[in-house]
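Undergrad: If you scroll down you'll find the structure; I have some questions about it.
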Amino acid sequence: MAEAAQFPGTRPSPARRWLRRAAALTAGVPLLAGLVQLPAAHASTGSVKAATSDVTGSRTVDVSVDSLTPAAPVPGDTLTVSGSVTNKSKKQVTDAHVALRVGPMLSGRSAIDNAAHRSGYTPGADGTEVGGKYTEKFAKLAPGITQKFSMTIPVKQLQLGSDGVYQIGVSLAGRTTAAPWQEQVLGIKRTFLPWQSEPTARQTRTSYLWPLISTTHLTAENASDEQQTPLFENDSLAQEITPGGRLERLVTLGKDLDITWVVDPDLLASVDAMTGSYNVQNAKGKPTPGRNQDVAKQFLKSLTEAVKGKKIVTLPFADPDLASIAQNGRNVSGSLSNLKDATQVAPVTVQTILHVRPSTDFAWPVEGAIDPSIVDVATSAGARKVIAGSDSVQESASLPYTPSAARPIGGGTTAVVSDSRLSNAFKGDMTRAENSTLAVQAFLAQSLMITRQDEERQRSIVVAPQRMPTASQAETMATALHALDDERWSLPQSLDSAADTKPDPDAATRVPGAGSYPAALRKQALPHAAFEAIRGTQEKLDGFKAVLDAPKRVVTPFGRAMERETSTSWRGRPVEADRYRQSVTSYLNELTRQVQLIEKTEAKLSGRSATIPVTVQNNLFQGVRHLRLRLTSTNPTRLKIGDGPYSEQPVKISSGHSQSVKFTTNANANGPVTVKAQLYTEDGQAYGSPILFDVKVTEVTITVMFVIAGGVLLLVLAGLRMYTQRKRAASRGPGDGGTDDGEGAGPGPGPRPDGEAGPGPAPDGPKQPSDPAPDTEPESTEASGTGERVDR
């Protein structure tokens with residue numbers, strides 16, 4: 001009872017110690033310290049701290065179970081348990097021994113959970129020791145000291161009863177200098193032992209997903225050469241695929257397992273890019289040649305052999321974050337179309353590199369959390385089966401067993417519900433042997449308990465572990481799956497088969513509402529601003545590709561890069577995600593600037609009409625076309641371009657060349673006029689930045705103005721003279737037809753009305769009384785001036 005009231009880091013008062021000893025002497029028996037105690041906080045096994053606090057009771061010694069083999073024994077086996085014990089107190093432990101304790105058979109999956117989370121020794125619940133020669137003794141255990149142990153026990157000595165899951169514990173009992181008169185349990189580690197002596201009536205069919213997924217490694221940037229040499233952000237992918245690396249271990253371990261491979265095509269494409277020439281950004285951001293071609297080739301060779309004859313599920317290219325798209329990107333133009341593109345390119349990538357046909361029917365939202373919007377986004381891209389988690393699609397509390405994974409959720413869509421307990425079994429640090437051992441035992445215990453729930457009802461279970469397991473996690477998963485090889489209560493099957501299993505009519509089929517989506521996952525989602533940035537990049541790319549001779553050389557790497565921008569791997573890495581998006585946009589801007597107008601400072605016209613050259617330069621590795629150059633005058637009254645305020649001409653430039661485009665201009669006045677040159681695409685969209693320069697008219701001088709004015713004056717004078725002659729001719733009367741010397745009165749040759757000589761009557765012949773009066777006055781007969789034509 002005293003231990004129950006005692007907290008870490010405290011000591012009982014002297015008075016209390018005296019009373020406790022007095023009571024013990026009066027009773028005549030030793031106190032059973034720790035017989036009744038409150039559950040203590042689980043002691044961390046991450047590191048050993050020597051004698052940092054005065055812990056007592058079953059927290060005095062830390063017991064670590066580093067190995068338990070076989071994990072699922074059968075009759076006739078011998079169980080070997082090994083690990084270590086560490087004295088965490090300030091007192092020396094004496095007369096200690098380590099023993100195996102067999103607890104009760106557990107009644108259900110919740111009982112396994114409760115036992116796993118209980119800490120400290122509980123008399124009765126933790127069973128009795130398998131004593132005698134099956135213990136290991138320690139004469140003393142000094143403070144802070146760790147010692148190893150190993151025990152070998154025939155399974156028959158455990159006296160296991162009916163088939164099922166048993167709780168077992170490894171305990172250390174001994175004496176301390178604080179209570180040398182009694183032995184007590186000073187430390188215990190609890191785990192599970194699945195016991196199935198005979199095959200079950202119906203075995204559970206288990207589909208285990210084996211994810212081959214990585215983070216984004218390739219940039220959008222390619223070298224300006226014929227091979228388009230790719231550029232990697234760093235050399236981390238080489239570390240993952242090299243022998244002993246995370247991905248290499250997944251491939252090596254998966255080869256011997258009956259699993260369903262879940263592959264991100266972006267990973268395959270990235271490794272495939274490493275098999276040839278490639279560059280890696282160094283610490284200064286400069287490209288340096290990559291040197292891991294042989295590693296990449298060997299990895300793909302090993303992977304091709306490992307997946308031969310196995311089921312492969314391909315995710316959309318770059319494993320896009322379906323939840324982020326549904327929550328923050330669905331209403332942004334282009335988000336859903338990019339997802340469809342990623343889905344369509346995925347099987348082509350897998351078939352090209354691995355030479356197998358993958359399944360494309362599955363969508364896998366992060367951690368299996370779904371809501372109606374996520375399901376809609378997944379199905380809009382072509383998926384008909386959505387991998388969900390059992391903590392998202394929850395069963396009714398009244399259902400006494402774990403149902404099969406397949407659930408119809410409407411619209412021809414099937415939710416394939418993975419078991420959350422099994423799927424989360426191998427999270428955490430599996431580099432520590434104890435963590436790995438306990439994870440394997442808990443996984444096997446839960447797996448057997450599912451079968452034991454209803455042995456007459458065969459069910460199909462799906463296990464969907466973490467997306468990117470570490471090498472140690474993969475090792476632990478493989479250990480657990482190998483323990484199921486004997487097929488005593490579990491049979492392997494593919495994910496496709498699990499999805500096609502006849503649904504259980506009593507299983508939950510309701511998709512949880514949007515409000516039930518986990519807040520922690522929502523905080524990790526890509527923000528709305530990320531999808532807006534991607535949309536802006538897409539618009540720039542659409543304008544750029546329209547002017548290229550070979551647009552695929554640009555569209556493909558940038559299209560894949562924008563798909564990588566929505567990858568699930570960016571969750572929890574907002575800074576890195578933003579930096580990657582900016583790098584894609586910056587590089588696209590850099591490429592578009594390779595087709596540009598050459599700056600002009602000033603142009604001078606040598607006359608009233610002249611031409612202005614504007615140069616367009618193309619520094620790309622391919623030609624450009626479908627561009628038009630427009631030159632616009634800001635003051636068309638003074639300077640016209642062509643026949644108006646602006647003029648356009650087509651532009652077509654080969655790779656690495658420049659083109660000078662000439663425009664005809666007409667100036668009406670001296671002085672500078674600002675002119676703007678701008679490139680446009682054929683659909684009228686501005687391309688690149690405009691340039692402004694002044695056109696200075698210098699040849700419309702004062703002399704030219706005088707010449708122009710003199711010409712106008714001559715025209716005016718000619719008109720006045722013609723007017724004067726007409727008026728003088730009209731002022732003469734009818735009898736004024738002769739000249740002053742009396743000549744010209746008789747008939748004879750004279751000028752014709754059209755100015756030619758010839759016979760004809762005199763203009764003023766004899767008049768008869770009956771002649772009518774003329775209705776016009778007689779014209780003058782004087783000769784016209786030189787060069788002048790007389791009009792009638």
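In the structure tokens, each chain is lettered A, B, ... as it comes, each chain's residues begin at 1, and ligands are numbered from 1 in order of appearance.
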Compile the contact shell of A:Leu629 as a PyMOL selection string: residues with an atom at most 9 Å away, counting only C-alpha atoms, same-chain residues fewer than 5 positions apart removed.

TA: chain A and resi 614+616+647-651+661+677-681

Undergrad: Using only C-alpha atoms, which protein or nucleic acid residues come within 6 Å of A:Val185? Drop anything in the same chain fewer than 4 positions from it, and give the result as a tab-separated table (two decimals) with C-alpha atoms, in the first residue's frame.

TA:
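Once everything was written out, this is part-v8.tsv:
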```
chain	number	residue	atom	x	y	z
A	58	SER	CA	8.04	-3.12	-10.38
A	172	LEU	CA	12.76	-9.95	-12.78
A	173	ALA	CA	12.28	-10.70	-9.12
```

Undergrad: When you look at stretch 202-216 of chain A with a cut-off of 7 Å (counting only C-alpha atoms), what residues show up, excluding the ones that are within fewer than 6 positions of it in the same chain? I need them as a compact mmCIF listing (two decimals) with N, CA and C atoms, in the first residue's frame.

TA:
```
# COMPACT_ATOMS: atom_id res chain seq x y z
N ILE A 259 2.78 -10.85 -51.26
CA ILE A 259 2.26 -9.52 -50.96
C ILE A 259 1.70 -8.90 -52.23
N THR A 260 1.09 -7.72 -52.08
CA THR A 260 0.67 -6.90 -53.22
C THR A 260 1.53 -5.65 -53.24
N TRP A 261 2.30 -5.49 -54.30
CA TRP A 261 3.17 -4.31 -54.43
C TRP A 261 2.32 -3.09 -54.76
N VAL A 262 2.58 -2.00 -54.07
CA VAL A 262 1.94 -0.72 -54.37
C VAL A 262 3.05 0.25 -54.77
N VAL A 263 3.04 0.65 -56.05
CA VAL A 263 4.19 1.35 -56.62
C VAL A 263 3.80 2.76 -57.06
N ASP A 264 4.68 3.70 -56.78
CA ASP A 264 4.57 5.06 -57.32
C ASP A 264 5.39 5.11 -58.61
N LEU A 267 8.74 7.06 -58.75
CA LEU A 267 9.97 6.42 -58.26
C LEU A 267 10.64 5.64 -59.37
N THR A 451 -9.21 -14.41 -36.61
CA THR A 451 -9.68 -15.74 -37.02
C THR A 451 -10.49 -16.40 -35.92
N GLU A 455 -14.55 -18.75 -36.40
CA GLU A 455 -13.77 -19.65 -37.25
C GLU A 455 -14.61 -20.27 -38.37
N GLU A 456 -15.91 -20.16 -38.28
CA GLU A 456 -16.76 -20.71 -39.33
C GLU A 456 -17.00 -19.71 -40.46
N ARG A 457 -16.60 -18.47 -40.25
CA ARG A 457 -16.84 -17.41 -41.25
C ARG A 457 -15.51 -16.97 -41.83
N GLN A 458 -15.25 -17.32 -43.07
CA GLN A 458 -13.99 -16.92 -43.69
C GLN A 458 -14.09 -15.46 -44.12
N ARG A 459 -13.07 -14.69 -43.78
CA ARG A 459 -13.06 -13.26 -44.09
C ARG A 459 -11.77 -12.85 -44.79
N SER A 460 -11.85 -11.72 -45.47
CA SER A 460 -10.69 -11.18 -46.19
C SER A 460 -10.26 -9.89 -45.52
N ILE A 461 -9.03 -9.87 -45.04
CA ILE A 461 -8.49 -8.72 -44.30
C ILE A 461 -7.40 -8.05 -45.13
N VAL A 462 -7.36 -6.73 -45.09
CA VAL A 462 -6.34 -5.96 -45.81
C VAL A 462 -5.48 -5.21 -44.79
N VAL A 463 -4.18 -5.26 -44.98
CA VAL A 463 -3.23 -4.53 -44.14
C VAL A 463 -2.53 -3.50 -45.01
N ALA A 464 -2.69 -2.22 -44.64
CA ALA A 464 -2.08 -1.12 -45.39
C ALA A 464 -1.13 -0.37 -44.45
N PRO A 465 0.13 -0.72 -44.42
CA PRO A 465 1.07 -0.09 -43.49
C PRO A 465 1.40 1.34 -43.90
N ARG A 467 3.14 4.55 -45.57
CA ARG A 467 3.48 4.69 -46.98
C ARG A 467 4.96 4.48 -47.28
N MET A 468 5.82 4.97 -46.40
CA MET A 468 7.26 4.87 -46.65
C MET A 468 7.95 4.25 -45.43
N TRP A 489 -3.55 -20.17 -39.57
CA TRP A 489 -4.80 -19.43 -39.41
C TRP A 489 -4.95 -18.31 -40.45
N SER A 490 -3.96 -18.12 -41.32
CA SER A 490 -4.03 -17.04 -42.30
C SER A 490 -3.50 -17.50 -43.64
N LEU A 491 -4.18 -17.09 -44.71
CA LEU A 491 -3.74 -17.38 -46.07
C LEU A 491 -3.51 -16.06 -46.81
N PRO A 492 -2.42 -15.94 -47.57
CA PRO A 492 -2.20 -14.71 -48.33
C PRO A 492 -3.10 -14.64 -49.55
N GLN A 493 -3.49 -13.41 -49.91
CA GLN A 493 -4.22 -13.18 -51.16
C GLN A 493 -3.92 -11.78 -51.65
N SER A 494 -4.22 -11.53 -52.92
CA SER A 494 -3.93 -10.23 -53.52
C SER A 494 -4.99 -9.20 -53.12
N LEU A 495 -4.63 -7.94 -53.31
CA LEU A 495 -5.57 -6.87 -53.01
C LEU A 495 -6.77 -6.92 -53.95
N ALA A 498 -9.20 -9.39 -52.57
CA ALA A 498 -9.89 -8.87 -51.40
C ALA A 498 -11.00 -7.91 -51.79
N ARG A 564 4.33 16.25 -59.34
CA ARG A 564 5.11 16.04 -58.13
C ARG A 564 4.80 17.11 -57.08
N SER A 569 3.92 13.05 -50.29
CA SER A 569 5.17 13.10 -49.52
C SER A 569 5.47 14.49 -48.97
```

Undergrad: Give me, as a list in words, all polymer residues having an atom no more than 10 Å from A:Gly83, counting only C-alpha atoms and skipping those fewer than 2 positions away in the same chain.

TA: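 The residues that qualify are Val63, Ser64, Val65, Asp66, Ser67, Leu68, Val81, Val85, Gln147, Lys148, Phe149, Ser150, Met151, Val170, Ala433 and Glu434 of chain A.
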
Undergrad: Write the residues of the preceding selection, restricted to N, CA and C atoms, as a PDB file, in the first residue's frame.

TA:
```pdb
ATOM      1  N   VAL A  63      13.050  -4.244 -17.950  1.00  0.00           N
ATOM      2  CA  VAL A  63      13.225  -5.528 -18.622  1.00  0.00           C
ATOM      3  C   VAL A  63      12.970  -5.321 -20.106  1.00  0.00           C
ATOM      4  N   SER A  64      13.903  -5.755 -20.920  1.00  0.00           N
ATOM      5  CA  SER A  64      13.767  -5.644 -22.370  1.00  0.00           C
ATOM      6  C   SER A  64      13.744  -7.033 -22.977  1.00  0.00           C
ATOM      7  N   VAL A  65      12.704  -7.298 -23.790  1.00  0.00           N
ATOM      8  CA  VAL A  65      12.601  -8.572 -24.504  1.00  0.00           C
ATOM      9  C   VAL A  65      13.034  -8.315 -25.939  1.00  0.00           C
ATOM     10  N   ASP A  66      14.229  -8.728 -26.275  1.00  0.00           N
ATOM     11  CA  ASP A  66      14.802  -8.422 -27.585  1.00  0.00           C
ATOM     12  C   ASP A  66      14.568  -9.516 -28.618  1.00  0.00           C
ATOM     13  N   SER A  67      14.206 -10.702 -28.175  1.00  0.00           N
ATOM     14  CA  SER A  67      13.983 -11.792 -29.117  1.00  0.00           C
ATOM     15  C   SER A  67      13.050 -12.816 -28.478  1.00  0.00           C
ATOM     16  N   LEU A  68      12.114 -13.313 -29.307  1.00  0.00           N
ATOM     17  CA  LEU A  68      11.224 -14.377 -28.875  1.00  0.00           C
ATOM     18  C   LEU A  68      11.001 -15.280 -30.077  1.00  0.00           C
ATOM     19  N   VAL A  81      13.746 -17.072 -25.281  1.00  0.00           N
ATOM     20  CA  VAL A  81      13.494 -15.661 -24.974  1.00  0.00           C
ATOM     21  C   VAL A  81      14.798 -15.050 -24.494  1.00  0.00           C
ATOM     22  N   VAL A  85      18.304  -6.733 -18.741  1.00  0.00           N
ATOM     23  CA  VAL A  85      17.708  -6.095 -17.564  1.00  0.00           C
ATOM     24  C   VAL A  85      18.630  -4.969 -17.128  1.00  0.00           C
ATOM     25  N   GLN A 147      22.478  -6.063 -17.870  1.00  0.00           N
ATOM     26  CA  GLN A 147      22.978  -7.418 -18.069  1.00  0.00           C
ATOM     27  C   GLN A 147      22.041  -8.177 -18.999  1.00  0.00           C
ATOM     28  N   LYS A 148      22.626  -9.041 -19.804  1.00  0.00           N
ATOM     29  CA  LYS A 148      21.873  -9.821 -20.781  1.00  0.00           C
ATOM     30  C   LYS A 148      21.318 -11.097 -20.129  1.00  0.00           C
ATOM     31  N   PHE A 149      20.254 -11.610 -20.729  1.00  0.00           N
ATOM     32  CA  PHE A 149      19.722 -12.900 -20.304  1.00  0.00           C
ATOM     33  C   PHE A 149      19.210 -13.650 -21.526  1.00  0.00           C
ATOM     34  N   SER A 150      19.094 -14.956 -21.393  1.00  0.00           N
ATOM     35  CA  SER A 150      18.523 -15.807 -22.430  1.00  0.00           C
ATOM     36  C   SER A 150      17.976 -17.059 -21.761  1.00  0.00           C
ATOM     37  N   MET A 151      16.726 -17.390 -22.094  1.00  0.00           N
ATOM     38  CA  MET A 151      16.064 -18.549 -21.495  1.00  0.00           C
ATOM     39  C   MET A 151      15.510 -19.431 -22.599  1.00  0.00           C
ATOM     40  N   VAL A 170       7.927 -11.353 -19.131  1.00  0.00           N
ATOM     41  CA  VAL A 170       9.273 -11.658 -18.666  1.00  0.00           C
ATOM     42  C   VAL A 170       9.514 -10.739 -17.473  1.00  0.00           C
ATOM     43  N   ALA A 433      15.675  -3.685 -30.973  1.00  0.00           N
ATOM     44  CA  ALA A 433      15.236  -5.077 -31.068  1.00  0.00           C
ATOM     45  C   ALA A 433      13.966  -5.323 -30.272  1.00  0.00           C
ATOM     46  N   GLU A 434      13.858  -4.690 -29.107  1.00  0.00           N
ATOM     47  CA  GLU A 434      12.667  -4.909 -28.280  1.00  0.00           C
ATOM     48  C   GLU A 434      11.406  -4.423 -28.984  1.00  0.00           C
TER      49      GLU A 434
END
```

Undergrad: Can you tell me which residues surround stretch 131-144 of chain A at a distance of at most 6 Å, considering only C-alpha atoms, apart from same-chain residues fewer than 3 positions away, and format the answer as a VMD selection string?

TA: chain A and resid 50 to 51 87 to 99

Undergrad: Give me a file of those residues, with C-alpha atoms, as a PDB file, in the first residue's frame.

TA:
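Saved as part30.pdb:
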```
ATOM      1  CA  ALA A  50      21.835   5.320 -14.710  1.00  0.00           C
ATOM      2  CA  ALA A  51      20.609   6.043 -11.191  1.00  0.00           C
ATOM      3  CA  ASN A  87      18.733  -1.466 -12.691  1.00  0.00           C
ATOM      4  CA  LYS A  88      17.199   2.012 -12.866  1.00  0.00           C
ATOM      5  CA  SER A  89      17.275   2.697  -9.143  1.00  0.00           C
ATOM      6  CA  LYS A  90      19.984   3.967  -6.812  1.00  0.00           C
ATOM      7  CA  LYS A  91      19.914   0.735  -4.823  1.00  0.00           C
ATOM      8  CA  GLN A  92      21.673  -2.511  -5.603  1.00  0.00           C
ATOM      9  CA  VAL A  93      19.493  -5.462  -6.512  1.00  0.00           C
ATOM     10  CA  THR A  94      20.501  -8.867  -5.102  1.00  0.00           C
ATOM     11  CA  ASP A  95      19.339 -12.474  -5.357  1.00  0.00           C
ATOM     12  CA  ALA A  96      17.560 -11.698  -8.641  1.00  0.00           C
ATOM     13  CA  HIS A  97      16.298 -14.013 -11.337  1.00  0.00           C
ATOM     14  CA  VAL A  98      14.520 -13.615 -14.683  1.00  0.00           C
ATOM     15  CA  ALA A  99      11.552 -15.878 -15.403  1.00  0.00           C
TER      16      ALA A  99
END
```

Undergrad: Provide the atom CA of A:Ile653 to atom CA of A:Glu599 distance in Å, to one decimal place.

TA: 17.6 Å

Undergrad: For each of A:Leu106, A:Leu627, A:Ile312, A:Ile168, take the minimum atom-to-atom distance to A:Asp683, counting only C-alpha atoms, then give the residue where this is smallest.

TA: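 Among the listed residues, the smallest separation from A:Asp683 belongs to A:Leu627.
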
Undergrad: So which one's closest to A:Arg560, A:Asn338, A:Ser392, A:Ser171, A:Asn279? Using only C-alpha atoms, please.

TA: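 Between A:Asn338, A:Ser392, A:Ser171, A:Asn279, the residue approaching A:Arg560 most closely is A:Asn338.
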
Undergrad: Just asking: which residues within stretch 381-570 of chain A are helix (DSSP H, G or I) according to DSSP, as a VMD selection string?

TA: chain A and resid 420 to 423 433 to 453 471 to 483 495 to 499 514 to 516 519 to 524 528 to 545 552 to 564 568 to 570

Undergrad: Stretch 479-578 of chain A: which residues are strand (DSSP E or B) by DSSP, as a ChimeraX atom specification?

TA: /A:490-492,548,567

Undergrad: Store the residues of this selection in a file with N, CA and C atoms, as an mmCIF file, in the first residue's frame.

TA:
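part.cif, written as the output of this step:
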```
data_model
loop_
_atom_site.group_PDB
_atom_site.id
_atom_site.type_symbol
_atom_site.label_atom_id
_atom_site.label_comp_id
_atom_site.auth_asym_id
_atom_site.auth_seq_id
_atom_site.Cartn_x
_atom_site.Cartn_y
_atom_site.Cartn_z
ATOM 1 N N SER A 490 -3.963 -18.117 -41.319
ATOM 2 C CA SER A 490 -4.034 -17.037 -42.302
ATOM 3 C C SER A 490 -3.496 -17.504 -43.641
ATOM 4 N N LEU A 491 -4.177 -17.089 -44.709
ATOM 5 C CA LEU A 491 -3.743 -17.378 -46.071
ATOM 6 C C LEU A 491 -3.514 -16.057 -46.805
ATOM 7 N N PRO A 492 -2.422 -15.944 -47.571
ATOM 8 C CA PRO A 492 -2.203 -14.709 -48.326
ATOM 9 C C PRO A 492 -3.104 -14.637 -49.550
ATOM 10 N N LEU A 548 6.656 26.593 -79.517
ATOM 11 C CA LEU A 548 7.822 25.727 -79.682
ATOM 12 C C LEU A 548 7.664 24.777 -80.863
ATOM 13 N N SER A 567 2.322 15.881 -54.443
ATOM 14 C CA SER A 567 2.619 14.572 -53.860
ATOM 15 C C SER A 567 2.251 14.507 -52.380
#
```

Undergrad: Can you list, as a ChimeraX atom specification, every protein, DNA or RNA residue that comes within 10 Å of A:Gly290 when you count only C-alpha atoms, leaving out same-chain residues fewer than 2 positions away?

TA: /A:230-232,234-235,238,274-281,287-288,292-293

Undergrad: Quick one: distance from atom CA of A:Val165 to atom CA of A:Ala125 in Å, one decimal?

TA: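 Distance reported for this atom pair: 14.5 Å.
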
Undergrad: Which residues come within 12 Å of A:Ala111, counting only C-alpha atoms, excluding same-chain residues fewer than 6 positions away, as a short mmCIF file (atom, residue, chain, number, x, y, z; two decimals) with C-alpha atoms, in the first residue's frame?

TA:
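The result, stored in out16.cif:
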```
data_model
loop_
_atom_site.label_atom_id
_atom_site.label_comp_id
_atom_site.auth_asym_id
_atom_site.auth_seq_id
_atom_site.Cartn_x
_atom_site.Cartn_y
_atom_site.Cartn_z
CA PRO A 104 -4.46 -15.89 -19.03
CA MET A 105 -5.77 -16.50 -22.53
CA HIS A 117 -0.97 -0.58 -22.58
CA ARG A 118 -0.88 -1.82 -19.00
CA ALA A 125 -3.25 -10.87 -14.07
CA VAL A 165 -3.76 -15.68 -27.71
CA TYR A 166 -1.95 -15.83 -24.37
CA GLN A 167 -0.43 -12.98 -22.46
CA PHE A 192 1.77 -12.04 -26.42
CA ALA A 442 1.22 -7.96 -31.21
CA ALA A 445 -1.84 -11.92 -31.77
CA GLN A 446 -4.30 -9.59 -33.49
CA MET A 449 -7.72 -13.17 -32.76
#
```

Undergrad: Here is a test: counting only C-alpha atoms, which residue of A:Thr176, A:Thr349, A:Asn670, A:Gln298 is nearest to A:Glu248?

TA: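 Smallest separation from A:Glu248 among the options: A:Gln298.
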
Undergrad: To one decimal place in Å, what is the distance between atom CA of A:Pro194 and atom CA of A:Lys427?

TA: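 Between these atoms lies a distance of 20.8 Å.
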